[in-house]
Amino acid sequence: MENTHPTREGEVGFPAPGAGKPCSTWYKVVGKLEVPPLIALHGGPGAGHEYMETPVDLYEQHGIPIVLYDQVGCGRSTHFREKHGDAGFWTMDLFVAELDNLIDHLRLRDVGFSLLGRSWGGILAGAYACRRPKGLKKLIIAGGPASMPLYMEGCKQLLASFLPTKGDYESEEFTKASAVFYARHFCRLDPFPEAIQIGFQLLKEDPTAYLTMQGPSEFTIVGSFKDWEPYKEAHNIEVPTLLLNGEHDEATDLCIEPWFRAITKVKWVTLSGASHMTHWEQRE
């Protein structure tokens, strides 16, 4: 993204519970926070903010300020490689507290804000909205599963056509299946946009949160959030909500529908021809 907009970057100290060291969250603001901004929550966990910069289009077209940030554990925020496998540290409460801390730092409680969460970021956005935070105006959950067990069931159905047996994570079969899965159901652009490739590089450089919470791949969920079902609290979401997924999305309708059933003010749009990276595949 060329820096042709009013942009500022900063860091805010974050007292992460159980961290045992000083921590901070890096953020970027595009536009002036005089009107409610859209806060973008990236996926992974650990994929960083770069691939989430497409919402800057909204600033260019409609003057909506955008807030991007790297969640702790990735990018320019504090890393915790020493917390590998520590499910007691990598919790939903950790990331909710970080988001609360950032919103308070930017003084958005009175002016208000909306949330856009993609993939894991969608889960986080939904869970945050369930707590009815002061200032939240609208919510967008893009490819964020309402239920991890249903997400896994959907992935199993997608994999059935080209992964007939269950191989180990280091096997050639698994590697080939991963490549096919990502090309069909993660991003159908070839090659992947540079910003998405940066996200994969960040996960490679520090996979601590991803491996602890999710597992070795997008379709192998063995980490601490394998049983999460955030939709069970979604009746508490009071703001207008938009659900997005792609026709070929790894986040199949099976795992999106519970949001739709639980949230009162909700609209669900499935984008034809798209997969998980809908904001790149159908940017307009």
# chains A, B, ... in the order shown; residues from 1 in each chain; ligands from 1

call {"tool": "residues_around", "arguments": {"residues": "Cys23 in chain A", "least_positions_apart": "2", "cutoff": "7 Å", "atoms": "only C-alpha atoms", "output": "list in words"}}
result
Gly13, Phe14, Pro15, Ala16, Lys21 and Thr78 of chain A

call {"tool": "residues_around", "arguments": {"residues": "range 104-118 of chain A", "least_positions_apart": "3", "cutoff": "10 Å", "atoms": "only C-alpha atoms", "output": "mmCIF file with all heavy atoms, in the first residue's frame"}}
result
data_model
loop_
_atom_site.group_PDB
_atom_site.id
_atom_site.type_symbol
_atom_site.label_atom_id
_atom_site.label_comp_id
_atom_site.auth_asym_id
_atom_site.auth_seq_id
_atom_site.Cartn_x
_atom_site.Cartn_y
_atom_site.Cartn_z
ATOM 1 N N GLU A 11 2.746 2.442 18.876
ATOM 2 C CA GLU A 11 2.717 1.278 19.751
ATOM 3 C C GLU A 11 2.038 1.673 21.052
ATOM 4 O O GLU A 11 2.189 2.790 21.525
ATOM 5 C CB GLU A 11 4.122 0.759 20.048
ATOM 6 C CG GLU A 11 4.837 0.179 18.844
ATOM 7 C CD GLU A 11 6.189 -0.418 19.214
ATOM 8 O OE1 GLU A 11 6.551 -0.364 20.423
ATOM 9 O OE2 GLU A 11 6.872 -0.926 18.325
ATOM 10 N N VAL A 12 1.294 0.744 21.596
ATOM 11 C CA VAL A 12 0.672 0.972 22.889
ATOM 12 C C VAL A 12 1.086 -0.155 23.822
ATOM 13 O O VAL A 12 1.055 -1.340 23.441
ATOM 14 C CB VAL A 12 -0.871 1.053 22.772
ATOM 15 C CG1 VAL A 12 -1.461 -0.149 22.070
ATOM 16 C CG2 VAL A 12 -1.504 1.232 24.156
ATOM 17 N N GLY A 13 1.502 0.196 25.022
ATOM 18 C CA GLY A 13 1.835 -0.814 26.006
ATOM 19 C C GLY A 13 0.628 -1.660 26.355
ATOM 20 O O GLY A 13 -0.498 -1.152 26.448
ATOM 21 N N VAL A 29 -3.020 3.745 11.797
ATOM 22 C CA VAL A 29 -4.296 4.426 11.575
ATOM 23 C C VAL A 29 -4.239 5.132 10.230
ATOM 24 O O VAL A 29 -3.317 5.921 9.979
ATOM 25 C CB VAL A 29 -4.600 5.444 12.689
ATOM 26 C CG1 VAL A 29 -5.918 6.170 12.404
ATOM 27 C CG2 VAL A 29 -4.652 4.755 14.051
ATOM 28 N N LEU A 33 -9.363 9.998 13.206
ATOM 29 C CA LEU A 33 -10.360 9.332 14.037
ATOM 30 C C LEU A 33 -11.407 10.309 14.558
ATOM 31 O O LEU A 33 -11.745 10.313 15.742
ATOM 32 C CB LEU A 33 -9.672 8.588 15.181
ATOM 33 C CG LEU A 33 -8.661 7.517 14.749
ATOM 34 C CD1 LEU A 33 -8.017 6.867 15.966
ATOM 35 C CD2 LEU A 33 -9.335 6.465 13.878
ATOM 36 N N GLU A 34 -11.938 11.108 13.645
ATOM 37 C CA GLU A 34 -12.991 12.054 13.997
ATOM 38 C C GLU A 34 -14.371 11.466 13.770
ATOM 39 O O GLU A 34 -15.380 12.001 14.236
ATOM 40 C CB GLU A 34 -12.821 13.337 13.176
ATOM 41 C CG GLU A 34 -11.496 14.051 13.468
ATOM 42 C CD GLU A 34 -11.187 15.140 12.455
ATOM 43 O OE1 GLU A 34 -11.930 15.227 11.443
ATOM 44 O OE2 GLU A 34 -10.219 15.905 12.677
ATOM 45 N N VAL A 35 -14.423 10.366 13.022
ATOM 46 C CA VAL A 35 -15.648 9.601 12.797
ATOM 47 C C VAL A 35 -15.329 8.146 13.101
ATOM 48 O O VAL A 35 -14.151 7.765 13.150
ATOM 49 C CB VAL A 35 -16.150 9.756 11.340
ATOM 50 C CG1 VAL A 35 -16.566 11.191 11.072
ATOM 51 C CG2 VAL A 35 -15.094 9.298 10.340
ATOM 52 N N PRO A 36 -16.346 7.309 13.312
ATOM 53 C CA PRO A 36 -16.075 5.912 13.685
ATOM 54 C C PRO A 36 -15.223 5.183 12.651
ATOM 55 O O PRO A 36 -15.589 5.115 11.475
ATOM 56 C CB PRO A 36 -17.475 5.299 13.790
ATOM 57 C CG PRO A 36 -18.361 6.458 14.121
ATOM 58 C CD PRO A 36 -17.789 7.618 13.374
ATOM 59 N N PRO A 37 -14.084 4.636 13.055
ATOM 60 C CA PRO A 37 -13.244 3.888 12.134
ATOM 61 C C PRO A 37 -13.678 2.422 12.039
ATOM 62 O O PRO A 37 -14.482 1.939 12.841
ATOM 63 C CB PRO A 37 -11.866 3.976 12.782
ATOM 64 C CG PRO A 37 -12.181 3.968 14.246
ATOM 65 C CD PRO A 37 -13.465 4.752 14.387
ATOM 66 N N LEU A 38 -13.103 1.748 11.062
ATOM 67 C CA LEU A 38 -13.231 0.297 10.937
ATOM 68 C C LEU A 38 -11.925 -0.311 11.421
ATOM 69 O O LEU A 38 -10.858 -0.010 10.889
ATOM 70 C CB LEU A 38 -13.492 -0.093 9.486
ATOM 71 C CG LEU A 38 -13.620 -1.595 9.198
ATOM 72 C CD1 LEU A 38 -14.864 -2.167 9.865
ATOM 73 C CD2 LEU A 38 -13.649 -1.852 7.690
ATOM 74 N N ILE A 39 -12.010 -1.147 12.444
ATOM 75 C CA ILE A 39 -10.824 -1.827 12.975
ATOM 76 C C ILE A 39 -10.747 -3.207 12.347
ATOM 77 O O ILE A 39 -11.696 -4.005 12.431
ATOM 78 C CB ILE A 39 -10.885 -1.950 14.507
ATOM 79 C CG1 ILE A 39 -11.083 -0.576 15.153
ATOM 80 C CG2 ILE A 39 -9.616 -2.612 15.035
ATOM 81 C CD1 ILE A 39 -11.262 -0.637 16.667
ATOM 82 N N ALA A 40 -9.608 -3.508 11.685
ATOM 83 C CA ALA A 40 -9.433 -4.776 10.988
ATOM 84 C C ALA A 40 -8.671 -5.759 11.864
ATOM 85 O O ALA A 40 -7.580 -5.460 12.351
ATOM 86 C CB ALA A 40 -8.695 -4.552 9.670
ATOM 87 N N LEU A 41 -9.244 -6.934 12.055
ATOM 88 C CA LEU A 41 -8.659 -7.985 12.890
ATOM 89 C C LEU A 41 -8.174 -9.110 11.981
ATOM 90 O O LEU A 41 -8.964 -9.778 11.312
ATOM 91 C CB LEU A 41 -9.697 -8.530 13.877
ATOM 92 C CG LEU A 41 -9.989 -7.725 15.143
ATOM 93 C CD1 LEU A 41 -10.465 -6.311 14.819
ATOM 94 C CD2 LEU A 41 -11.034 -8.443 15.989
ATOM 95 N N HIS A 42 -6.865 -9.295 11.944
ATOM 96 C CA HIS A 42 -6.294 -10.291 11.042
ATOM 97 C C HIS A 42 -6.475 -11.714 11.560
ATOM 98 O O HIS A 42 -6.813 -11.944 12.721
ATOM 99 C CB HIS A 42 -4.816 -9.988 10.772
ATOM 100 C CG HIS A 42 -3.919 -10.120 11.982
ATOM 101 N ND1 HIS A 42 -3.576 -11.336 12.525
ATOM 102 C CD2 HIS A 42 -3.276 -9.182 12.728
ATOM 103 C CE1 HIS A 42 -2.752 -11.157 13.536
ATOM 104 N NE2 HIS A 42 -2.567 -9.850 13.706
ATOM 105 N N GLY A 43 -6.201 -12.637 10.659
ATOM 106 C CA GLY A 43 -6.350 -14.051 10.990
ATOM 107 C C GLY A 43 -5.062 -14.680 11.460
ATOM 108 O O GLY A 43 -4.119 -14.035 11.879
ATOM 109 N N GLY A 44 -5.020 -15.985 11.336
ATOM 110 C CA GLY A 44 -3.896 -16.791 11.816
ATOM 111 C C GLY A 44 -4.419 -17.827 12.824
ATOM 112 O O GLY A 44 -5.022 -18.821 12.421
ATOM 113 N N MET A 52 -4.522 -7.521 5.415
ATOM 114 C CA MET A 52 -5.789 -6.881 5.758
ATOM 115 C C MET A 52 -5.867 -5.442 5.271
ATOM 116 O O MET A 52 -6.805 -4.720 5.614
ATOM 117 C CB MET A 52 -5.987 -6.912 7.277
ATOM 118 C CG MET A 52 -6.211 -8.297 7.857
ATOM 119 S SD MET A 52 -7.775 -9.020 7.326
ATOM 120 C CE MET A 52 -8.949 -7.956 8.162
ATOM 121 N N PRO A 55 -9.086 -2.984 3.173
ATOM 122 C CA PRO A 55 -10.118 -2.034 3.623
ATOM 123 C C PRO A 55 -9.740 -0.566 3.459
ATOM 124 O O PRO A 55 -10.610 0.305 3.558
ATOM 125 C CB PRO A 55 -10.303 -2.389 5.110
ATOM 126 C CG PRO A 55 -9.933 -3.821 5.198
ATOM 127 C CD PRO A 55 -8.798 -3.980 4.222
ATOM 128 N N PRO A 65 -12.190 5.954 8.238
ATOM 129 C CA PRO A 65 -10.844 5.685 8.767
ATOM 130 C C PRO A 65 -10.661 4.182 9.033
ATOM 131 O O PRO A 65 -11.619 3.472 9.366
ATOM 132 C CB PRO A 65 -10.804 6.481 10.074
ATOM 133 C CG PRO A 65 -11.938 7.464 9.976
ATOM 134 C CD PRO A 65 -12.986 6.805 9.134
ATOM 135 N N ILE A 66 -9.435 3.721 8.897
ATOM 136 C CA ILE A 66 -9.113 2.306 9.080
ATOM 137 C C ILE A 66 -8.044 2.164 10.155
ATOM 138 O O ILE A 66 -7.047 2.902 10.151
ATOM 139 C CB ILE A 66 -8.601 1.678 7.769
ATOM 140 C CG1 ILE A 66 -9.608 1.900 6.624
ATOM 141 C CG2 ILE A 66 -8.322 0.186 7.968
ATOM 142 C CD1 ILE A 66 -10.957 1.260 6.823
ATOM 143 N N VAL A 67 -8.240 1.221 11.056
ATOM 144 C CA VAL A 67 -7.233 0.889 12.055
ATOM 145 C C VAL A 67 -6.767 -0.546 11.802
ATOM 146 O O VAL A 67 -7.574 -1.476 11.760
ATOM 147 C CB VAL A 67 -7.789 1.006 13.492
ATOM 148 C CG1 VAL A 67 -6.726 0.570 14.502
ATOM 149 C CG2 VAL A 67 -8.251 2.430 13.784
ATOM 150 N N GLU A 98 -6.346 -7.306 24.611
ATOM 151 C CA GLU A 98 -5.489 -6.498 23.743
ATOM 152 C C GLU A 98 -6.320 -5.533 22.904
ATOM 153 O O GLU A 98 -5.967 -4.353 22.755
ATOM 154 C CB GLU A 98 -4.662 -7.399 22.834
ATOM 155 C CG GLU A 98 -3.744 -6.606 21.919
ATOM 156 C CD GLU A 98 -2.997 -7.470 20.919
ATOM 157 O OE1 GLU A 98 -3.533 -8.514 20.496
ATOM 158 O OE2 GLU A 98 -1.871 -7.086 20.543
ATOM 159 N N LEU A 99 -7.429 -6.026 22.339
ATOM 160 C CA LEU A 99 -8.302 -5.172 21.531
ATOM 161 C C LEU A 99 -8.912 -4.065 22.391
ATOM 162 O O LEU A 99 -8.960 -2.892 21.978
ATOM 163 C CB LEU A 99 -9.387 -6.014 20.869
ATOM 164 C CG LEU A 99 -10.387 -5.285 19.972
ATOM 165 C CD1 LEU A 99 -9.687 -4.475 18.894
ATOM 166 C CD2 LEU A 99 -11.356 -6.296 19.347
ATOM 167 N N ASP A 100 -9.376 -4.404 23.573
ATOM 168 C CA ASP A 100 -9.897 -3.395 24.507
ATOM 169 C C ASP A 100 -8.846 -2.321 24.778
ATOM 170 O O ASP A 100 -9.146 -1.124 24.788
ATOM 171 C CB ASP A 100 -10.282 -4.065 25.834
ATOM 172 C CG ASP A 100 -11.776 -4.301 25.963
ATOM 173 O OD1 ASP A 100 -12.559 -3.606 25.288
ATOM 174 O OD2 ASP A 100 -12.159 -5.184 26.741
ATOM 175 N N ASN A 101 -7.628 -2.754 25.026
ATOM 176 C CA ASN A 101 -6.531 -1.844 25.341
ATOM 177 C C ASN A 101 -6.253 -0.881 24.182
ATOM 178 O O ASN A 101 -6.046 0.322 24.386
ATOM 179 C CB ASN A 101 -5.284 -2.664 25.672
ATOM 180 C CG ASN A 101 -4.126 -1.814 26.163
ATOM 181 O OD1 ASN A 101 -4.202 -1.197 27.219
ATOM 182 N ND2 ASN A 101 -3.040 -1.805 25.397
ATOM 183 N N GLY A 121 -9.599 -13.832 12.954
ATOM 184 C CA GLY A 121 -10.014 -12.485 13.357
ATOM 185 C C GLY A 121 -11.519 -12.345 13.427
ATOM 186 O O GLY A 121 -12.042 -11.548 14.218
ATOM 187 N N GLY A 122 -12.247 -13.105 12.599
ATOM 188 C CA GLY A 122 -13.701 -13.114 12.656
ATOM 189 C C GLY A 122 -14.215 -13.767 13.925
ATOM 190 O O GLY A 122 -15.207 -13.324 14.522
ATOM 191 N N ILE A 123 -13.547 -14.832 14.331
ATOM 192 C CA ILE A 123 -13.903 -15.478 15.605
ATOM 193 C C ILE A 123 -13.707 -14.489 16.748
ATOM 194 O O ILE A 123 -14.575 -14.333 17.621
ATOM 195 C CB ILE A 123 -13.034 -16.735 15.841
ATOM 196 C CG1 ILE A 123 -13.228 -17.761 14.726
ATOM 197 C CG2 ILE A 123 -13.355 -17.359 17.206
ATOM 198 C CD1 ILE A 123 -12.289 -18.958 14.836
ATOM 199 N N LEU A 124 -12.555 -13.810 16.728
ATOM 200 C CA LEU A 124 -12.247 -12.831 17.770
ATOM 201 C C LEU A 124 -13.259 -11.685 17.758
ATOM 202 O O LEU A 124 -13.757 -11.279 18.813
ATOM 203 C CB LEU A 124 -10.831 -12.293 17.560
ATOM 204 C CG LEU A 124 -10.386 -11.127 18.435
ATOM 205 C CD1 LEU A 124 -10.480 -11.476 19.918
ATOM 206 C CD2 LEU A 124 -8.953 -10.714 18.073
ATOM 207 N N ALA A 125 -13.580 -11.184 16.562
ATOM 208 C CA ALA A 125 -14.536 -10.080 16.465
ATOM 209 C C ALA A 125 -15.894 -10.490 17.008
ATOM 210 O O ALA A 125 -16.555 -9.727 17.727
ATOM 211 C CB ALA A 125 -14.664 -9.621 15.016
ATOM 212 N N GLY A 126 -16.338 -11.696 16.663
ATOM 213 C CA GLY A 126 -17.619 -12.193 17.161
ATOM 214 C C GLY A 126 -17.619 -12.355 18.670
ATOM 215 O O GLY A 126 -18.573 -11.957 19.352
ATOM 216 N N TYR A 128 -15.734 -10.817 20.758
ATOM 217 C CA TYR A 128 -15.666 -9.476 21.364
ATOM 218 C C TYR A 128 -17.039 -8.817 21.372
ATOM 219 O O TYR A 128 -17.466 -8.241 22.379
ATOM 220 C CB TYR A 128 -14.656 -8.624 20.595
ATOM 221 C CG TYR A 128 -14.360 -7.289 21.239
ATOM 222 C CD1 TYR A 128 -13.539 -7.208 22.353
ATOM 223 C CD2 TYR A 128 -14.902 -6.117 20.727
ATOM 224 C CE1 TYR A 128 -13.260 -5.983 22.956
ATOM 225 C CE2 TYR A 128 -14.634 -4.886 21.319
ATOM 226 C CZ TYR A 128 -13.817 -4.829 22.436
ATOM 227 O OH TYR A 128 -13.551 -3.623 23.033
ATOM 228 N N ALA A 129 -17.738 -8.929 20.251
ATOM 229 C CA ALA A 129 -19.068 -8.317 20.157
ATOM 230 C C ALA A 129 -20.052 -8.954 21.140
ATOM 231 O O ALA A 129 -20.981 -8.281 21.604
ATOM 232 C CB ALA A 129 -19.600 -8.446 18.731
ATOM 233 N N PRO A 133 -19.328 -4.465 23.950
ATOM 234 C CA PRO A 133 -18.400 -3.395 24.337
ATOM 235 C C PRO A 133 -18.951 -2.016 23.998
ATOM 236 O O PRO A 133 -19.618 -1.831 22.969
ATOM 237 C CB PRO A 133 -17.158 -3.707 23.494
ATOM 238 C CG PRO A 133 -17.700 -4.419 22.293
ATOM 239 C CD PRO A 133 -18.827 -5.258 22.815
ATOM 240 N N LYS A 134 -18.672 -1.067 24.843
ATOM 241 C CA LYS A 134 -19.099 0.302 24.599
ATOM 242 C C LYS A 134 -18.441 0.835 23.325
ATOM 243 O O LYS A 134 -17.236 0.698 23.141
ATOM 244 C CB LYS A 134 -18.728 1.204 25.779
ATOM 245 C CG LYS A 134 -19.158 2.657 25.584
ATOM 246 C CD LYS A 134 -18.715 3.548 26.743
ATOM 247 C CE LYS A 134 -19.108 5.000 26.473
ATOM 248 N NZ LYS A 134 -18.664 5.920 27.550
ATOM 249 N N GLY A 135 -19.235 1.455 22.460
ATOM 250 C CA GLY A 135 -18.712 2.084 21.258
ATOM 251 C C GLY A 135 -18.859 1.264 19.995
ATOM 252 O O GLY A 135 -18.744 1.811 18.894
ATOM 253 N N LEU A 136 -19.109 -0.036 20.106
ATOM 254 C CA LEU A 136 -19.227 -0.870 18.906
ATOM 255 C C LEU A 136 -20.488 -0.513 18.133
ATOM 256 O O LEU A 136 -21.590 -0.510 18.684
ATOM 257 C CB LEU A 136 -19.251 -2.352 19.287
ATOM 258 C CG LEU A 136 -19.373 -3.337 18.115
ATOM 259 C CD1 LEU A 136 -18.185 -3.206 17.171
ATOM 260 C CD2 LEU A 136 -19.494 -4.776 18.630
ATOM 261 N N LYS A 137 -20.312 -0.194 16.837
ATOM 262 C CA LYS A 137 -21.428 0.223 15.981
ATOM 263 C C LYS A 137 -21.901 -0.899 15.068
ATOM 264 O O LYS A 137 -23.101 -1.144 14.934
ATOM 265 C CB LYS A 137 -21.003 1.421 15.127
ATOM 266 C CG LYS A 137 -20.527 2.637 15.899
ATOM 267 C CD LYS A 137 -21.655 3.283 16.682
ATOM 268 C CE LYS A 137 -21.198 4.587 17.328
ATOM 269 N NZ LYS A 137 -22.274 5.204 18.138
ATOM 270 N N LYS A 138 -20.956 -1.543 14.377
ATOM 271 C CA LYS A 138 -21.296 -2.586 13.411
ATOM 272 C C LYS A 138 -20.227 -3.676 13.446
ATOM 273 O O LYS A 138 -19.104 -3.449 13.905
ATOM 274 C CB LYS A 138 -21.410 -2.009 11.995
ATOM 275 C CG LYS A 138 -22.531 -0.995 11.837
ATOM 276 C CD LYS A 138 -22.579 -0.436 10.415
ATOM 277 C CE LYS A 138 -23.695 0.593 10.273
ATOM 278 N NZ LYS A 138 -23.742 1.182 8.907
ATOM 279 N N LEU A 139 -20.581 -4.841 12.918
ATOM 280 C CA LEU A 139 -19.696 -6.000 12.961
ATOM 281 C C LEU A 139 -19.711 -6.704 11.609
ATOM 282 O O LEU A 139 -20.776 -6.923 11.024
ATOM 283 C CB LEU A 139 -20.166 -6.962 14.061
ATOM 284 C CG LEU A 139 -19.493 -8.328 14.153
ATOM 285 C CD1 LEU A 139 -18.027 -8.176 14.573
ATOM 286 C CD2 LEU A 139 -20.239 -9.218 15.158
ATOM 287 N N ILE A 140 -18.519 -7.044 11.116
ATOM 288 C CA ILE A 140 -18.390 -7.865 9.914
ATOM 289 C C ILE A 140 -17.541 -9.078 10.262
ATOM 290 O O ILE A 140 -16.404 -8.940 10.729
ATOM 291 C CB ILE A 140 -17.729 -7.089 8.756
ATOM 292 C CG1 ILE A 140 -18.481 -5.812 8.448
ATOM 293 C CG2 ILE A 140 -17.653 -7.979 7.505
ATOM 294 C CD1 ILE A 140 -17.754 -4.910 7.457
ATOM 295 N N ILE A 141 -18.095 -10.261 10.054
ATOM 296 C CA ILE A 141 -17.379 -11.515 10.267
ATOM 297 C C ILE A 141 -17.183 -12.152 8.899
ATOM 298 O O ILE A 141 -18.142 -12.588 8.257
ATOM 299 C CB ILE A 141 -18.146 -12.463 11.205
ATOM 300 C CG1 ILE A 141 -18.332 -11.834 12.581
ATOM 301 C CG2 ILE A 141 -17.419 -13.800 11.317
ATOM 302 C CD1 ILE A 141 -19.189 -12.669 13.530
ATOM 303 N N ALA A 142 -15.939 -12.176 8.432
ATOM 304 C CA ALA A 142 -15.626 -12.688 7.099
ATOM 305 C C ALA A 142 -14.852 -13.995 7.215
ATOM 306 O O ALA A 142 -13.690 -13.999 7.633
ATOM 307 C CB ALA A 142 -14.820 -11.655 6.322
ATOM 308 N N GLY A 143 -15.502 -15.088 6.868
ATOM 309 C CA GLY A 143 -14.844 -16.388 6.924
ATOM 310 C C GLY A 143 -14.443 -16.807 8.316
ATOM 311 O O GLY A 143 -13.512 -17.605 8.488
ATOM 312 N N GLY A 144 -15.124 -16.284 9.321
ATOM 313 C CA GLY A 144 -14.830 -16.626 10.713
ATOM 314 C C GLY A 144 -15.780 -17.692 11.215
ATOM 315 O O GLY A 144 -16.979 -17.432 11.340
ATOM 316 N N PRO A 145 -15.306 -18.890 11.498
ATOM 317 C CA PRO A 145 -16.193 -19.971 11.931
ATOM 318 C C PRO A 145 -16.929 -19.656 13.231
ATOM 319 O O PRO A 145 -16.343 -19.137 14.178
ATOM 320 C CB PRO A 145 -15.242 -21.159 12.132
ATOM 321 C CG PRO A 145 -14.069 -20.848 11.271
ATOM 322 C CD PRO A 145 -13.915 -19.351 11.337
ATOM 323 N N VAL A 239 -25.445 -5.408 17.703
ATOM 324 C CA VAL A 239 -25.200 -4.480 16.590
ATOM 325 C C VAL A 239 -25.489 -5.158 15.248
ATOM 326 O O VAL A 239 -25.449 -6.390 15.138
ATOM 327 C CB VAL A 239 -23.747 -3.973 16.607
ATOM 328 C CG1 VAL A 239 -23.473 -3.204 17.894
ATOM 329 C CG2 VAL A 239 -22.757 -5.121 16.431
ATOM 330 N N PRO A 240 -25.797 -4.365 14.208
ATOM 331 C CA PRO A 240 -25.977 -4.938 12.869
ATOM 332 C C PRO A 240 -24.721 -5.688 12.434
ATOM 333 O O PRO A 240 -23.608 -5.178 12.562
ATOM 334 C CB PRO A 240 -26.222 -3.710 11.996
ATOM 335 C CG PRO A 240 -26.745 -2.668 12.928
ATOM 336 C CD PRO A 240 -26.038 -2.910 14.232
ATOM 337 N N THR A 241 -24.925 -6.888 11.915
ATOM 338 C CA THR A 241 -23.804 -7.773 11.602
ATOM 339 C C THR A 241 -23.903 -8.282 10.163
ATOM 340 O O THR A 241 -24.977 -8.687 9.714
ATOM 341 C CB THR A 241 -23.782 -8.975 12.567
ATOM 342 O OG1 THR A 241 -23.660 -8.499 13.917
ATOM 343 C CG2 THR A 241 -22.630 -9.917 12.249
ATOM 344 N N LEU A 242 -22.773 -8.260 9.472
ATOM 345 C CA LEU A 242 -22.677 -8.820 8.123
ATOM 346 C C LEU A 242 -21.772 -10.039 8.173
ATOM 347 O O LEU A 242 -20.639 -9.963 8.665
ATOM 348 C CB LEU A 242 -22.102 -7.784 7.151
ATOM 349 C CG LEU A 242 -21.797 -8.271 5.723
ATOM 350 C CD1 LEU A 242 -23.071 -8.712 5.020
ATOM 351 C CD2 LEU A 242 -21.084 -7.180 4.925
ATOM 352 N N LEU A 244 -19.789 -12.858 5.867
ATOM 353 C CA LEU A 244 -19.273 -13.079 4.522
ATOM 354 C C LEU A 244 -18.515 -14.398 4.456
ATOM 355 O O LEU A 244 -17.773 -14.743 5.380
ATOM 356 C CB LEU A 244 -18.308 -11.955 4.113
ATOM 357 C CG LEU A 244 -18.861 -10.544 3.955
ATOM 358 C CD1 LEU A 244 -17.714 -9.577 3.711
ATOM 359 C CD2 LEU A 244 -19.853 -10.488 2.803
ATOM 360 N N ASN A 245 -18.724 -15.132 3.391
ATOM 361 C CA ASN A 245 -17.837 -16.242 3.051
ATOM 362 C C ASN A 245 -17.883 -16.440 1.547
ATOM 363 O O ASN A 245 -18.679 -15.813 0.840
ATOM 364 C CB ASN A 245 -18.160 -17.523 3.826
ATOM 365 C CG ASN A 245 -19.467 -18.180 3.407
ATOM 366 O OD1 ASN A 245 -20.396 -17.522 2.935
ATOM 367 N ND2 ASN A 245 -19.551 -19.494 3.581
ATOM 368 N N HIS A 276 -11.455 -18.299 0.589
ATOM 369 C CA HIS A 276 -11.309 -17.701 1.913
ATOM 370 C C HIS A 276 -10.842 -16.244 1.846
ATOM 371 O O HIS A 276 -11.223 -15.428 2.678
ATOM 372 C CB HIS A 276 -10.313 -18.534 2.729
ATOM 373 C CG HIS A 276 -10.408 -18.353 4.208
ATOM 374 N ND1 HIS A 276 -11.601 -18.400 4.899
ATOM 375 C CD2 HIS A 276 -9.444 -18.124 5.151
ATOM 376 C CE1 HIS A 276 -11.379 -18.226 6.188
ATOM 377 N NE2 HIS A 276 -10.076 -18.048 6.360
ATOM 378 N N MET A 277 -10.028 -15.916 0.856
ATOM 379 C CA MET A 277 -9.501 -14.559 0.721
ATOM 380 C C MET A 277 -10.427 -13.725 -0.164
ATOM 381 O O MET A 277 -10.025 -13.175 -1.202
ATOM 382 C CB MET A 277 -8.083 -14.592 0.155
ATOM 383 C CG MET A 277 -7.057 -15.233 1.060
ATOM 384 S SD MET A 277 -6.651 -14.251 2.554
ATOM 385 C CE MET A 277 -7.639 -15.122 3.799
ATOM 386 N N THR A 278 -11.670 -13.596 0.259
ATOM 387 C CA THR A 278 -12.673 -12.890 -0.540
ATOM 388 C C THR A 278 -12.285 -11.445 -0.802
ATOM 389 O O THR A 278 -12.597 -10.887 -1.853
ATOM 390 C CB THR A 278 -14.038 -12.923 0.168
ATOM 391 O OG1 THR A 278 -13.891 -12.418 1.506
ATOM 392 C CG2 THR A 278 -14.586 -14.341 0.234
ATOM 393 N N HIS A 279 -11.596 -10.828 0.153
ATOM 394 C CA HIS A 279 -11.273 -9.408 0.021
ATOM 395 C C HIS A 279 -10.190 -9.157 -1.025
ATOM 396 O O HIS A 279 -10.006 -8.012 -1.460
ATOM 397 C CB HIS A 279 -10.880 -8.811 1.369
ATOM 398 C CG HIS A 279 -9.695 -9.440 2.032
ATOM 399 N ND1 HIS A 279 -9.591 -10.798 2.258
ATOM 400 C CD2 HIS A 279 -8.541 -8.907 2.517
ATOM 401 C CE1 HIS A 279 -8.454 -11.065 2.862
ATOM 402 N NE2 HIS A 279 -7.790 -9.939 3.024
#

call {"tool": "closest_residue", "arguments": {"among": "A:Asp253, A:Asp227, A:Glu9, A:Glu284", "to": "Val269 in chain A", "atoms": "only C-alpha atoms"}}
result
A:Asp253

call {"tool": "closest_residue", "arguments": {"among": "A:Ala251, A:Leu243, A:Met148, A:Leu203", "to": "Lys265 in chain A", "atoms": "only C-alpha atoms"}}
result
A:Leu243

call {"tool": "closest_residue", "arguments": {"among": "A:Gly88, A:Pro6, A:Pro17, A:Pro207", "to": "Ile64 in chain A", "atoms": "only C-alpha atoms"}}
result
A:Pro6

call {"tool": "closest_atom_pairs", "arguments": {"of": "range 13-90 of chain A", "to": "range 208-226 of chain A", "cutoff": "9 Å", "atoms": "only C-alpha atoms", "output": "tab-separated table"}}
result
residue	atom	partner	partner_atom	distance
A:Gly44	CA	A:Tyr210	CA	6.1
A:Pro45	CA	A:Tyr210	CA	5.2
A:Gly46	CA	A:Tyr210	CA	6.1
A:Ala47	CA	A:Tyr210	CA	8.7
A:Gly73	CA	A:Ala209	CA	6.4
A:Cys74	CA	A:Ala209	CA	8.4
A:His79	CA	A:Thr208	CA	8.7
A:Phe80	CA	A:Thr208	CA	7.3
A:Arg81	CA	A:Thr208	CA	5.8
A:Glu82	CA	A:Thr208	CA	8.4
A:Lys83	CA	A:Thr208	CA	7.2
A:His84	CA	A:Thr208	CA	5.1
A:Gly85	CA	A:Thr212	CA	4.9
A:Asp86	CA	A:Thr212	CA	6.9
A:Ala87	CA	A:Ser224	CA	6.0
A:Trp90	CA	A:Ala209	CA	6.7

call {"tool": "select_by_dssp", "arguments": {"residues": "range 53-132 of chain A", "states": "strand (DSSP E)", "output": "PyMOL selection string"}}
result
chain A and resi 66-70+113-118
